[in-house]
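Participant: Handing over final.tsv, TSV, C-alpha atoms and all ligand atoms.
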```
chain	number	residue	atom	x	y	z
A	123	MET	CA	-47.92	104.73	35.54
A	124	THR	CA	-44.21	104.33	34.82
A	125	ALA	CA	-42.86	100.98	33.70
A	126	ASP	CA	-40.94	100.69	36.96
A	127	THR	CA	-43.91	100.86	39.29
A	128	THR	CA	-46.10	98.53	37.20
A	129	GLU	CA	-43.31	95.96	37.18
A	130	LEU	CA	-42.99	96.21	40.93
A	131	THR	CA	-46.74	95.95	41.33
A	132	ALA	CA	-46.92	92.79	39.23
A	133	ALA	CA	-44.06	91.21	41.19
A	134	ALA	CA	-45.74	92.14	44.48
A	135	ILE	CA	-49.03	90.60	43.33
A	136	MET	CA	-47.31	87.34	42.40
A	137	ALA	CA	-45.45	87.26	45.73
A	138	GLY	CA	-48.66	88.02	47.61
A	139	GLU	CA	-50.45	85.19	45.81
A	140	LYS	CA	-47.76	82.76	46.87
A	141	GLN	CA	-47.99	83.90	50.45
A	142	HIS	CA	-51.76	84.23	50.87
A	143	ILE	CA	-53.51	81.96	48.36
A	144	MET	CA	-53.73	78.19	48.79
A	145	GLN	CA	-51.33	76.84	46.20
A	146	THR	CA	-53.51	74.72	43.89
A	147	TYR	CA	-53.15	76.73	40.67
A	148	LYS	CA	-50.11	76.73	38.43
A	149	ARG	CA	-50.46	80.25	37.04
A	150	ALA	CA	-48.64	81.85	34.14
A	151	PRO	CA	-46.41	84.70	35.41
A	152	VAL	CA	-48.83	87.26	34.02
A	153	VAL	CA	-50.95	89.77	35.95
A	154	LEU	CA	-53.94	90.67	33.80
A	155	THR	CA	-55.47	94.09	34.30
A	156	HIS	CA	-58.06	94.75	31.59
A	157	GLY	CA	-59.43	93.61	28.29
A	158	ASP	CA	-61.45	94.65	25.27
A	159	GLY	CA	-63.15	92.07	23.08
A	160	VAL	CA	-60.62	89.36	22.24
A	161	LYS	CA	-57.70	91.43	23.59
A	162	VAL	CA	-56.34	91.48	27.13
A	163	TRP	CA	-53.51	93.53	28.68
A	164	ASP	CA	-51.17	92.78	31.55
A	165	ALA	CA	-49.72	95.05	34.21
A	166	ASP	CA	-46.74	95.85	31.97
A	167	GLY	CA	-49.04	97.02	29.20
A	168	LYS	CA	-48.35	93.96	27.08
A	169	GLU	CA	-51.19	92.95	24.77
A	170	TYR	CA	-52.48	89.38	24.42
A	171	LEU	CA	-54.99	87.72	22.10
A	172	ASP	CA	-57.27	85.58	24.21
A	173	PHE	CA	-57.76	82.10	22.78
A	174	MET	CA	-58.97	80.51	26.02
A	175	ALA	CA	-61.66	82.96	27.22
A	176	GLY	CA	-61.25	82.15	30.92
A	177	ILE	CA	-61.68	78.44	30.03
A	178	ALA	CA	-64.57	78.79	27.59
A	179	VAL	CA	-66.39	81.33	29.75
A	180	ASN	CA	-66.07	84.82	28.24
A	181	ALA	CA	-68.29	84.11	25.26
A	182	LEU	CA	-68.74	87.81	24.45
A	183	GLY	CA	-65.11	88.64	25.13
A	184	HIS	CA	-63.93	91.22	27.64
A	185	ALA	CA	-65.43	94.55	28.70
A	186	ASP	CA	-68.50	94.00	26.54
A	187	ALA	CA	-70.51	97.23	26.52
A	188	GLY	CA	-73.90	95.49	26.52
A	189	MET	CA	-72.99	93.33	29.52
A	190	ALA	CA	-71.53	96.30	31.39
A	191	GLU	CA	-74.77	98.22	30.84
A	192	VAL	CA	-76.92	95.37	32.20
A	193	ILE	CA	-74.61	94.87	35.19
A	194	ALA	CA	-74.73	98.58	36.03
A	195	SER	CA	-78.48	99.01	35.66
A	196	GLN	CA	-79.48	95.78	37.47
A	197	SER	CA	-77.00	96.46	40.29
A	198	ARG	CA	-78.86	99.70	40.99
A	199	LYS	CA	-82.12	97.74	41.42
A	200	LEU	CA	-81.41	94.36	43.08
A	201	ILE	CA	-78.32	92.15	43.24
A	202	HIS	CA	-79.51	89.38	45.53
A	203	THR	CA	-82.75	88.38	47.20
A	204	SER	CA	-82.38	84.64	48.03
A	205	ASN	CA	-84.79	82.12	46.55
A	206	LEU	CA	-87.43	82.88	49.16
A	207	TYR	CA	-88.92	85.52	46.83
A	208	PHE	CA	-89.81	85.74	43.16
A	209	THR	CA	-87.71	87.88	40.83
A	210	ALA	CA	-88.30	88.50	37.14
A	211	PRO	CA	-84.79	87.90	35.71
A	212	GLN	CA	-84.66	84.32	37.04
A	213	VAL	CA	-88.06	83.40	35.58
A	214	GLU	CA	-87.20	85.14	32.30
A	215	LEU	CA	-83.98	83.14	32.00
A	216	ALA	CA	-85.71	79.84	32.76
A	217	THR	CA	-88.36	80.69	30.18
A	218	LYS	CA	-85.71	81.35	27.52
A	219	LEU	CA	-83.66	78.25	28.28
A	220	THR	CA	-86.66	75.94	28.24
A	221	ALA	CA	-88.24	77.55	25.15
A	222	ASN	CA	-84.99	76.89	23.28
A	223	SER	CA	-84.23	73.35	24.42
A	224	PHE	CA	-85.73	69.92	25.14
A	225	ALA	CA	-86.37	71.02	28.72
A	226	ASP	CA	-89.48	72.12	30.59
A	227	LYS	CA	-87.90	73.28	33.84
A	228	ALA	CA	-84.66	74.83	35.09
A	229	PHE	CA	-82.87	74.97	38.43
A	230	PHE	CA	-80.07	77.50	38.84
A	231	THR	CA	-76.72	76.92	40.52
A	232	ASN	CA	-73.49	78.91	40.92
A	233	SER	CA	-71.10	76.73	38.94
A	234	GLY	CA	-70.71	73.70	36.71
A	235	THR	CA	-69.80	71.25	39.43
A	236	GLU	CA	-72.83	72.37	41.41
A	237	ALA	CA	-75.09	71.82	38.42
A	238	ASN	CA	-73.80	68.25	38.12
A	239	GLU	CA	-74.07	67.76	41.87
A	240	GLY	CA	-77.74	68.74	41.64
A	241	ALA	CA	-78.25	66.45	38.64
A	242	ILE	CA	-76.88	63.53	40.67
A	243	LYS	CA	-79.36	64.23	43.47
A	244	ILE	CA	-82.26	64.59	41.05
A	245	ALA	CA	-81.32	61.29	39.35
A	246	ARG	CA	-81.13	59.49	42.68
A	247	LYS	CA	-84.53	60.80	43.73
A	248	TYR	CA	-86.01	59.97	40.33
A	249	ALA	CA	-84.87	56.35	40.62
A	250	ARG	CA	-86.17	56.13	44.18
A	251	VAL	CA	-89.60	57.40	43.14
A	252	THR	CA	-89.92	55.43	39.89
A	253	HIS	CA	-88.36	52.17	41.14
A	254	PRO	CA	-89.12	52.16	44.89
A	255	ASP	CA	-88.39	48.47	45.37
A	256	GLN	CA	-85.15	48.35	43.41
A	257	ARG	CA	-81.57	49.17	44.20
A	258	LYS	CA	-81.07	51.72	41.44
A	259	THR	CA	-78.33	54.06	42.59
A	260	GLY	CA	-75.52	53.41	40.09
A	261	LEU	CA	-73.97	56.19	38.04
A	262	VAL	CA	-72.11	55.81	34.76
A	263	CYS	CA	-69.53	58.22	33.34
A	264	PHE	CA	-66.91	57.86	30.61
A	265	GLU	CA	-63.15	57.67	30.30
A	266	HIS	CA	-61.56	61.16	30.18
A	267	ALA	CA	-64.77	62.77	31.47
A	268	PHE	CA	-64.67	65.95	33.50
A	269	HIS	CA	-67.73	66.84	35.54
A	270	GLY	CA	-66.27	68.91	38.38
A	271	ARG	CA	-64.37	69.00	41.66
A	272	THR	CA	-66.97	68.61	44.41
A	273	MET	CA	-67.34	65.11	45.84
A	274	GLY	CA	-70.24	63.92	43.68
A	275	ALA	CA	-69.03	65.40	40.41
A	276	LEU	CA	-65.48	64.34	41.28
A	277	SER	CA	-66.73	60.76	41.58
A	278	LEU	CA	-67.73	61.07	37.89
A	279	THR	CA	-64.35	62.51	36.91
A	280	PRO	CA	-62.15	59.43	36.54
A	281	LYS	CA	-58.73	61.02	36.76
A	282	GLU	CA	-56.45	59.44	39.32
A	283	HIS	CA	-54.65	62.68	40.16
A	284	TYR	CA	-57.95	64.43	40.94
A	285	GLN	CA	-59.60	61.54	42.82
A	286	ALA	CA	-56.90	59.66	44.73
A	287	PRO	CA	-56.30	62.08	47.65
A	288	PHE	CA	-60.00	62.36	48.42
A	289	ARG	CA	-61.35	58.80	48.49
A	290	PRO	CA	-63.77	57.41	49.46
A	291	LEU	CA	-65.92	58.96	46.75
A	292	LEU	CA	-69.50	58.12	45.77
A	293	ASP	CA	-70.34	54.43	45.68
A	294	GLY	CA	-71.53	52.68	42.56
A	295	VAL	CA	-69.82	54.71	39.83
A	296	THR	CA	-68.88	52.84	36.65
A	297	VAL	CA	-66.48	54.23	34.06
A	298	ALA	CA	-67.35	53.17	30.51
A	299	PRO	CA	-65.28	53.53	27.33
A	300	PHE	CA	-66.17	56.62	25.28
A	301	ASN	CA	-67.76	56.21	21.84
A	302	ASP	CA	-67.88	52.41	22.26
A	303	ILE	CA	-71.43	51.35	21.40
A	304	ALA	CA	-70.79	47.63	21.86
A	305	ALA	CA	-69.74	48.13	25.48
A	306	LEU	CA	-72.86	50.02	26.61
A	307	ASP	CA	-75.02	47.04	27.61
A	308	GLN	CA	-72.33	45.81	29.94
A	309	TYR	CA	-71.88	49.11	31.78
A	310	ILE	CA	-75.44	50.45	31.85
A	311	THR	CA	-77.67	48.04	33.78
A	312	GLY	CA	-80.87	47.88	35.80
A	313	GLU	CA	-78.94	49.31	38.75
A	314	THR	CA	-78.01	52.46	36.83
A	315	CYS	CA	-79.94	55.58	37.78
A	316	ALA	CA	-78.13	57.98	35.46
A	317	VAL	CA	-75.50	58.23	32.74
A	318	PHE	CA	-73.44	61.42	32.53
A	319	ILE	CA	-71.72	62.43	29.30
A	320	GLU	CA	-70.23	65.54	27.71
A	321	PRO	CA	-71.43	65.63	24.07
A	322	VAL	CA	-67.99	67.09	23.36
A	323	GLN	CA	-65.47	66.27	26.07
A	324	GLY	CA	-63.56	69.42	27.03
A	325	GLU	CA	-60.98	68.97	29.76
A	326	GLY	CA	-60.33	65.40	28.60
A	327	GLY	CA	-58.90	66.60	25.28
A	328	ILE	CA	-61.77	67.82	22.99
A	329	HIS	CA	-63.34	64.50	22.02
A	330	PRO	CA	-66.75	64.74	20.33
A	331	ALA	CA	-69.19	61.90	21.04
A	332	SER	CA	-70.40	60.43	17.76
A	333	PRO	CA	-74.10	60.99	16.98
A	334	GLU	CA	-74.48	57.19	16.74
A	335	PHE	CA	-73.03	56.80	20.21
A	336	LEU	CA	-75.44	59.35	21.71
A	337	ALA	CA	-78.34	57.58	19.97
A	338	ALA	CA	-77.24	54.21	21.35
A	339	LEU	CA	-76.90	55.74	24.81
A	340	ARG	CA	-80.43	57.12	24.61
A	341	LYS	CA	-81.76	53.70	23.63
A	342	ARG	CA	-79.91	51.84	26.38
A	343	CYS	CA	-80.94	54.36	29.05
A	344	ASP	CA	-84.59	53.93	28.03
A	345	GLN	CA	-84.24	50.13	28.15
A	346	VAL	CA	-83.04	50.12	31.75
A	347	GLY	CA	-84.96	53.19	32.98
A	348	ALA	CA	-81.87	55.33	33.58
A	349	LEU	CA	-81.74	59.09	33.05
A	350	LEU	CA	-79.45	60.47	30.38
A	351	VAL	CA	-77.58	63.58	31.50
A	352	PHE	CA	-75.73	65.78	29.00
A	353	ASP	CA	-73.06	67.92	30.62
A	354	GLU	CA	-72.88	70.93	28.30
A	355	VAL	CA	-71.10	73.08	30.87
A	356	GLN	CA	-68.29	73.69	28.36
A	357	CYS	CA	-69.66	72.68	24.94
A	358	GLY	CA	-73.10	74.29	25.33
A	359	LEU	CA	-74.51	77.71	24.45
A	360	GLY	CA	-73.05	78.32	21.02
A	361	ARG	CA	-69.54	77.01	21.55
A	362	THR	CA	-69.84	74.40	18.77
A	363	GLY	CA	-71.77	76.69	16.42
A	364	ALA	CA	-75.08	75.12	17.46
A	365	LEU	CA	-76.92	76.46	20.50
A	366	TRP	CA	-76.46	73.05	22.17
A	367	ALA	CA	-73.73	70.61	21.14
A	368	HIS	CA	-76.03	67.58	21.33
A	369	THR	CA	-78.55	68.77	18.76
A	370	ILE	CA	-76.26	67.72	15.91
A	371	GLY	CA	-77.38	64.11	16.34
A	372	GLY	CA	-81.00	64.80	17.25
A	373	VAL	CA	-80.84	62.90	20.55
A	374	GLU	CA	-82.38	64.56	23.59
A	375	PRO	CA	-81.33	64.03	27.21
A	376	ASP	CA	-83.51	63.98	30.33
A	377	ILE	CA	-81.24	66.49	32.05
A	378	MET	CA	-78.68	68.96	30.74
A	379	THR	CA	-76.22	70.93	32.84
A	380	LEU	CA	-74.83	74.33	31.84
A	381	ALA	CA	-72.48	76.86	33.36
A	382	LYS	CA	-69.28	78.33	31.93
A	383	PRO	CA	-70.48	80.92	29.33
A	384	LEU	CA	-74.04	81.34	30.60
A	385	ALA	CA	-73.54	84.75	32.21
A	386	GLY	CA	-70.51	85.73	30.12
A	387	GLY	CA	-68.13	85.48	33.08
A	388	LEU	CA	-70.34	85.95	36.12
A	389	PRO	CA	-70.75	82.73	38.14
A	390	ILE	CA	-73.83	80.75	37.20
A	391	GLY	CA	-74.87	77.19	36.43
A	392	ALA	CA	-78.14	75.58	35.43
A	393	ILE	CA	-79.81	72.19	35.47
A	394	LEU	CA	-82.38	71.84	32.69
A	395	MET	CA	-84.81	68.93	32.79
A	396	THR	CA	-88.08	67.58	31.50
A	397	ASP	CA	-91.29	67.88	33.53
A	398	LYS	CA	-91.20	64.12	34.08
A	399	VAL	CA	-87.89	64.49	35.92
A	400	ALA	CA	-88.71	67.73	37.72
A	401	ALA	CA	-91.91	66.21	39.07
A	402	VAL	CA	-90.04	63.98	41.55
A	403	MET	CA	-88.46	66.92	43.37
A	404	SER	CA	-90.46	68.55	46.13
A	405	TYR	CA	-90.11	71.52	48.48
A	406	GLY	CA	-86.86	71.42	50.40
A	407	ASP	CA	-85.27	68.63	48.33
A	408	HIS	CA	-82.59	70.96	46.99
A	409	GLY	CA	-81.66	74.60	47.33
A	410	THR	CA	-79.03	77.32	47.24
A	411	THR	CA	-78.63	80.77	48.78
A	412	PHE	CA	-76.95	82.63	45.93
A	413	ALA	CA	-77.98	80.94	42.71
A	414	GLY	CA	-80.43	82.46	40.26
A	415	GLY	CA	-80.04	85.95	41.72
A	416	PRO	CA	-81.37	88.92	39.78
A	417	LEU	CA	-77.97	90.37	38.81
A	418	VAL	CA	-76.45	87.20	37.40
A	419	CYS	CA	-79.72	86.22	35.70
A	420	ALA	CA	-80.18	89.66	34.12
A	421	VAL	CA	-76.70	89.32	32.63
A	422	ALA	CA	-77.40	85.75	31.50
A	423	ASN	CA	-80.59	86.92	29.77
A	424	HIS	CA	-78.53	89.44	27.83
A	425	VAL	CA	-75.81	86.89	26.98
A	426	PHE	CA	-78.38	84.30	25.91
A	427	ASP	CA	-80.18	86.72	23.57
A	428	ARG	CA	-76.91	87.74	21.93
A	429	ILE	CA	-75.74	84.14	21.39
A	430	ASN	CA	-79.13	82.71	20.40
A	431	ASP	CA	-79.11	84.62	17.12
A	432	PRO	CA	-78.56	82.80	13.81
A	433	LYS	CA	-76.06	85.47	12.72
A	434	PHE	CA	-74.02	85.09	15.90
A	435	LEU	CA	-74.03	81.29	15.70
A	436	SER	CA	-73.11	81.21	12.02
A	437	ASN	CA	-70.09	83.40	12.83
A	438	VAL	CA	-68.97	80.73	15.32
A	439	THR	CA	-69.32	78.05	12.63
A	440	GLU	CA	-67.60	80.11	9.98
A	441	VAL	CA	-64.68	81.44	12.03
A	442	GLY	CA	-64.36	78.03	13.73
A	443	GLY	CA	-64.17	76.33	10.33
A	444	TYR	CA	-61.58	78.85	9.19
A	445	LEU	CA	-59.53	78.27	12.35
A	446	THR	CA	-59.61	74.48	11.87
A	447	GLU	CA	-58.60	74.89	8.23
A	448	GLN	CA	-55.72	77.20	9.05
A	449	LEU	CA	-54.48	74.88	11.80
A	450	GLU	CA	-54.52	71.95	9.40
A	451	GLU	CA	-52.67	74.02	6.79
A	452	LEU	CA	-49.93	74.70	9.31
A	453	ASN	CA	-48.82	71.19	8.36
A	454	SER	CA	-46.53	71.08	11.35
A	455	PRO	CA	-44.93	67.73	12.13
A	456	HIS	CA	-45.72	68.54	15.76
A	457	ILE	CA	-49.49	68.46	15.10
A	458	LYS	CA	-50.97	64.96	15.17
A	459	GLU	CA	-54.65	65.85	14.86
A	460	VAL	CA	-57.01	68.83	14.79
A	461	ARG	CA	-60.50	67.99	16.06
A	462	GLY	CA	-63.64	69.55	17.48
A	463	ARG	CA	-66.52	71.70	16.30
A	464	GLY	CA	-67.14	75.42	16.02
A	465	LEU	CA	-64.87	77.32	18.37
A	466	MET	CA	-64.09	74.29	20.53
A	467	ILE	CA	-60.97	72.91	18.91
A	468	GLY	CA	-58.35	70.50	20.17
A	469	VAL	CA	-54.91	70.33	18.58
A	470	GLU	CA	-53.16	67.12	19.55
A	471	LEU	CA	-49.42	67.63	19.74
A	472	ASP	CA	-46.41	65.34	19.80
A	473	THR	CA	-45.07	67.40	22.67
A	474	GLU	CA	-46.24	68.78	26.02
A	475	VAL	CA	-48.78	71.54	25.58
A	476	GLU	CA	-47.24	73.41	28.53
A	477	THR	CA	-44.33	74.39	26.24
A	478	ILE	CA	-46.71	75.91	23.69
A	479	VAL	CA	-48.74	77.70	26.37
A	480	LYS	CA	-45.55	79.27	27.80
A	481	GLN	CA	-44.18	80.34	24.43
A	482	GLY	CA	-47.64	81.58	23.48
A	483	ALA	CA	-47.65	83.90	26.50
A	484	ASP	CA	-44.27	85.29	25.40
A	485	LYS	CA	-45.74	85.97	21.96
A	486	GLY	CA	-48.92	87.57	23.31
A	487	LEU	CA	-51.31	84.62	23.23
A	488	LEU	CA	-53.48	83.39	26.09
A	489	LEU	CA	-53.69	79.62	25.57
A	490	VAL	CA	-54.80	76.63	27.61
A	491	GLY	CA	-54.20	72.91	27.35
A	492	ALA	CA	-56.54	69.98	27.85
A	493	GLY	CA	-54.62	67.09	29.33
A	494	VAL	CA	-50.89	66.71	28.69
A	495	ASN	CA	-50.60	67.22	24.94
A	496	VAL	CA	-53.74	68.81	23.59
A	497	LEU	CA	-53.90	72.53	22.90
A	498	ARG	CA	-57.49	73.59	23.57
A	499	LEU	CA	-58.69	76.57	21.56
A	500	VAL	CA	-61.86	77.98	23.16
A	501	PRO	CA	-61.71	81.71	22.35
A	502	PRO	CA	-64.48	84.26	22.84
A	503	LEU	CA	-67.30	83.44	20.40
A	504	ILE	CA	-67.01	86.95	18.91
A	505	LEU	CA	-63.70	85.89	17.32
A	506	GLU	CA	-63.03	87.17	13.78
A	507	LYS	CA	-60.80	85.90	10.98
A	508	PRO	CA	-58.00	88.48	11.52
A	509	HIS	CA	-57.63	87.12	15.06
A	510	VAL	CA	-57.18	83.65	13.57
A	511	ASP	CA	-54.53	84.97	11.15
A	512	ALA	CA	-52.63	86.53	14.06
A	513	LEU	CA	-52.81	83.28	16.03
A	514	ILE	CA	-51.59	81.21	13.08
A	515	GLU	CA	-48.69	83.56	12.43
A	516	ARG	CA	-47.55	83.32	16.05
A	517	LEU	CA	-48.09	79.54	16.25
A	518	THR	CA	-46.07	79.12	13.05
A	519	GLY	CA	-43.19	80.91	14.77
A	520	ILE	CA	-43.52	78.68	17.82
A	521	PHE	CA	-43.76	75.40	15.92
A	522	THR	CA	-40.83	76.15	13.59
A	523	HIS	CA	-38.51	76.67	16.55
A	524	LEU	CA	-39.66	73.71	18.67
A	601	LIG	C1	-65.63	73.18	33.81
A	601	LIG	C2	-66.53	72.02	33.73
A	601	LIG	C3	-67.26	71.58	34.85
A	601	LIG	C4	-67.10	72.20	36.21
A	601	LIG	O1	-67.49	73.54	36.23
A	601	LIG	P1	-67.02	74.49	37.44
A	601	LIG	O2	-67.82	75.74	37.20
A	601	LIG	O3	-65.56	74.67	37.32
A	601	LIG	O4	-67.41	73.82	38.69
A	601	LIG	C5	-68.14	70.54	34.68
A	601	LIG	N1	-68.29	69.94	33.49
A	601	LIG	C6	-67.62	70.33	32.40
A	601	LIG	C7	-67.86	69.64	31.10
A	601	LIG	C8	-66.70	71.37	32.47
A	601	LIG	O5	-66.00	71.74	31.41
```
Show this structure as structure tokens.
Ligand SMILES: *Cc1c(COP(=O)(O)O)cnc(C)c1O
Facilitator:
Amino acid sequence: MTADTTELTAAAIMAGEKQHIMQTYKRAPVVLTHGDGVKVWDADGKEYLDFMAGIAVNALGHADAGMAEVIASQSRKLIHTSNLYFTAPQVELATKLTANSFADKAFFTNSGTEANEGAIKIARKYARVTHPDQRKTGLVCFEHAFHGRTMGALSLTPKEHYQAPFRPLLDGVTVAPFNDIAALDQYITGETCAVFIEPVQGEGGIHPASPEFLAALRKRCDQVGALLVFDEVQCGLGRTGALWAHTIGGVEPDIMTLAKPLAGGLPIGAILMTDKVAAVMSYGDHGTTFAGGPLVCAVANHVFDRINDPKFLSNVTEVGGYLTEQLEELNSPHIKEVRGRGLMIGVELDTEVETIVKQGADKGLLLVGAGVNVLRLVPPLILEKPHVDALIERLTGIFTHL
């Protein structure tokens, strides 16, 4: 392809998007065509280092040979069957997820918001079964939480810009302050059926919940008979260097939701739960046409096995530690704080992150913000130290000329 035609093609794609796609995404003026590991190329042949991994999704990077092999071989057998039949990959995946977590049972969904939507329904049914004579329908979430865009999950995502146009939302949602142990008793009451929390808040700016806070939450939920739901859609499955972000404090939830990296980029979500919780759900109470299909589950099995390996996870911890260190050593007056765990790092800036994201794209970096002034670094988990060095060199250039 000559430079001329690729340029034209990219321009035509961007024009076509404007004309034919509902305009809810503010996209960078980049048309991506292919990738390899941590690298991605655009239609002009320009190379980028990917430090956002499709928003914490592409855990194994791009064009992974192992994933491609599983996709090809499973697609020649079965892609979809519906949940009216048994298939091995779904049961295998549930077996793996439960064997390696607090949970006894899994339910598969197609996305993160859908996993939380299902968790809301399960919590409502659980309260109805365990407290039949009580009004126990309240839900608690936290300031800066992000649980998704569908009506239930949106009700637990207290951001005015996201919620305002779509009210009325779910009734009985309370928004509690994050990491504030003293406030818990006031917000979590006998009317609460479930408390939703991200052990490390993603979208809201990379805020880890303190282990003490999670322990206090567990205690309060038990006192009032509410279910504790950990949303690990973004922070789960190796992102923090541990398989699950919540295990650092030793507190276990009743339900955990997963999605983003679970099939390395194919759409999937999961609700993990204890037997005690699962027991309240009966035939027909919940369902989905697509979710848990053999193709996506075969890929998720492969992704899970690769990530759930001490060597893989220690690379996340080591390279993540190195990245944090290097960011701190940047010593830029524009950096107010570096926080997070593993390869889930937030860099709080004294300026709008949009500026950094734009200049990053110019310098061959795929970056994403979290909120207005936090740079969110959530690269593929296969990241290596030379990638970090390249990022730091380019960020240094950006920060010095701000
Ligand atoms: C992205 C995200 C969701 C929503 O997932 P979708 O797949 O976009 O619906 C829910 N919770 C958390 C913590 C997330 O980061």
Participant: Nearest to Glu191 of chain A among A:Arg289, A:Ala216, A:Leu350, A:Ala420, with distances taken over all atoms listed in the file: which residue is it?
Facilitator: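 Among the listed residues, the smallest separation from Glu191 of chain A belongs to A:Ala420.
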Participant: Which residues are near ligand LIG 601 (chain A) in this structure, taking near to mean any atom at most 6 Å from a ligand atom and counting only C-alpha atoms and all ligand atoms? Format them as a PyMOL selection string.
Facilitator: chain A and resi 233-235+268-270+320+324-325+353-356
Participant: With C-alpha atoms kept, could you save the residues just selected as a PDB file, keeping the file's coordinate frame?
Facilitator:
```
ATOM      1  CA  SER A 233     -71.100  76.730  38.940  1.00  0.00           C
ATOM      2  CA  GLY A 234     -70.710  73.700  36.710  1.00  0.00           C
ATOM      3  CA  THR A 235     -69.800  71.250  39.430  1.00  0.00           C
ATOM      4  CA  PHE A 268     -64.670  65.950  33.500  1.00  0.00           C
ATOM      5  CA  HIS A 269     -67.730  66.840  35.540  1.00  0.00           C
ATOM      6  CA  GLY A 270     -66.270  68.910  38.380  1.00  0.00           C
ATOM      7  CA  GLU A 320     -70.230  65.540  27.710  1.00  0.00           C
ATOM      8  CA  GLY A 324     -63.560  69.420  27.030  1.00  0.00           C
ATOM      9  CA  GLU A 325     -60.980  68.970  29.760  1.00  0.00           C
ATOM     10  CA  ASP A 353     -73.060  67.920  30.620  1.00  0.00           C
ATOM     11  CA  GLU A 354     -72.880  70.930  28.300  1.00  0.00           C
ATOM     12  CA  VAL A 355     -71.100  73.080  30.870  1.00  0.00           C
ATOM     13  CA  GLN A 356     -68.290  73.690  28.360  1.00  0.00           C
TER      14      GLN A 356
END
```
Participant: Excluding same-chain residues fewer than 3 positions from Pro502 of chain A, what lies within 6 Å of it counting all atoms listed in the file, as a list in words?
Facilitator: Ala175, Asn180, Ala181, Leu182, Gly183 and Leu505 of chain A
Participant: Work out how far apart atom CA of Ile514 of chain A and atom CA of Thr477 of chain A are and give it in Å to one decimal.
Facilitator: 16.5 Å
Participant: With only C-alpha atoms as the counted atoms, please give the residues lying no more than 8 Å from segment 252-258 of chain A, apart from itself and same-chain residues fewer than 4 positions off, as a PyMOL selection string.
Facilitator: chain A and resi 246+248+312-315
Participant: Between A:Gly415, A:Gly176, A:Pro333, A:Gly406, which one has atoms that come closest to Arg498 of chain A, using only C-alpha atoms?
Facilitator: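 Closest candidate: A:Gly176.
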Participant: Counting all atoms listed in the file, figure out which residue out of A:Met189, A:Pro299, A:Pro290, A:Gly347 gets nearest to Leu388 of chain A.
Facilitator: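 Smallest distance to Leu388 of chain A is found for A:Met189.
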Participant: So which one's closest to Leu471 of chain A, A:Ile457, A:Ala316, A:Ala267, A:Val351? Using all atoms listed in the file, please.
Facilitator: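 Among the listed residues, the smallest separation from Leu471 of chain A belongs to A:Ile457.
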Participant: So that I can look at just that part, could you write segment 176-193 of chain A with C-alpha atoms, as a compact mmCIF listing (two decimals), in the first residue's frame?
Facilitator:
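See result00.txt below for the written result:
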```txt
# COMPACT_ATOMS: atom_id res chain seq x y z
CA GLY A 176 -8.23 -1.74 25.26
CA ILE A 177 -9.07 -0.45 28.77
CA ALA A 178 -7.42 -3.23 30.78
CA VAL A 179 -8.70 -5.97 28.47
CA ASN A 180 -5.85 -7.28 26.29
CA ALA A 181 -4.01 -8.99 29.13
CA LEU A 182 -1.88 -11.08 26.76
CA GLY A 183 -1.31 -8.21 24.35
CA HIS A 184 -2.20 -8.28 20.67
CA ALA A 185 -2.11 -11.11 18.13
CA ASP A 186 -1.11 -13.64 20.79
CA ALA A 187 -0.22 -16.89 19.03
CA GLY A 188 -1.70 -19.12 21.75
CA MET A 189 -5.03 -17.28 21.69
CA ALA A 190 -5.13 -17.30 17.89
CA GLU A 191 -4.58 -21.07 17.90
CA VAL A 192 -7.44 -21.67 20.36
CA ILE A 193 -9.77 -19.33 18.44
```
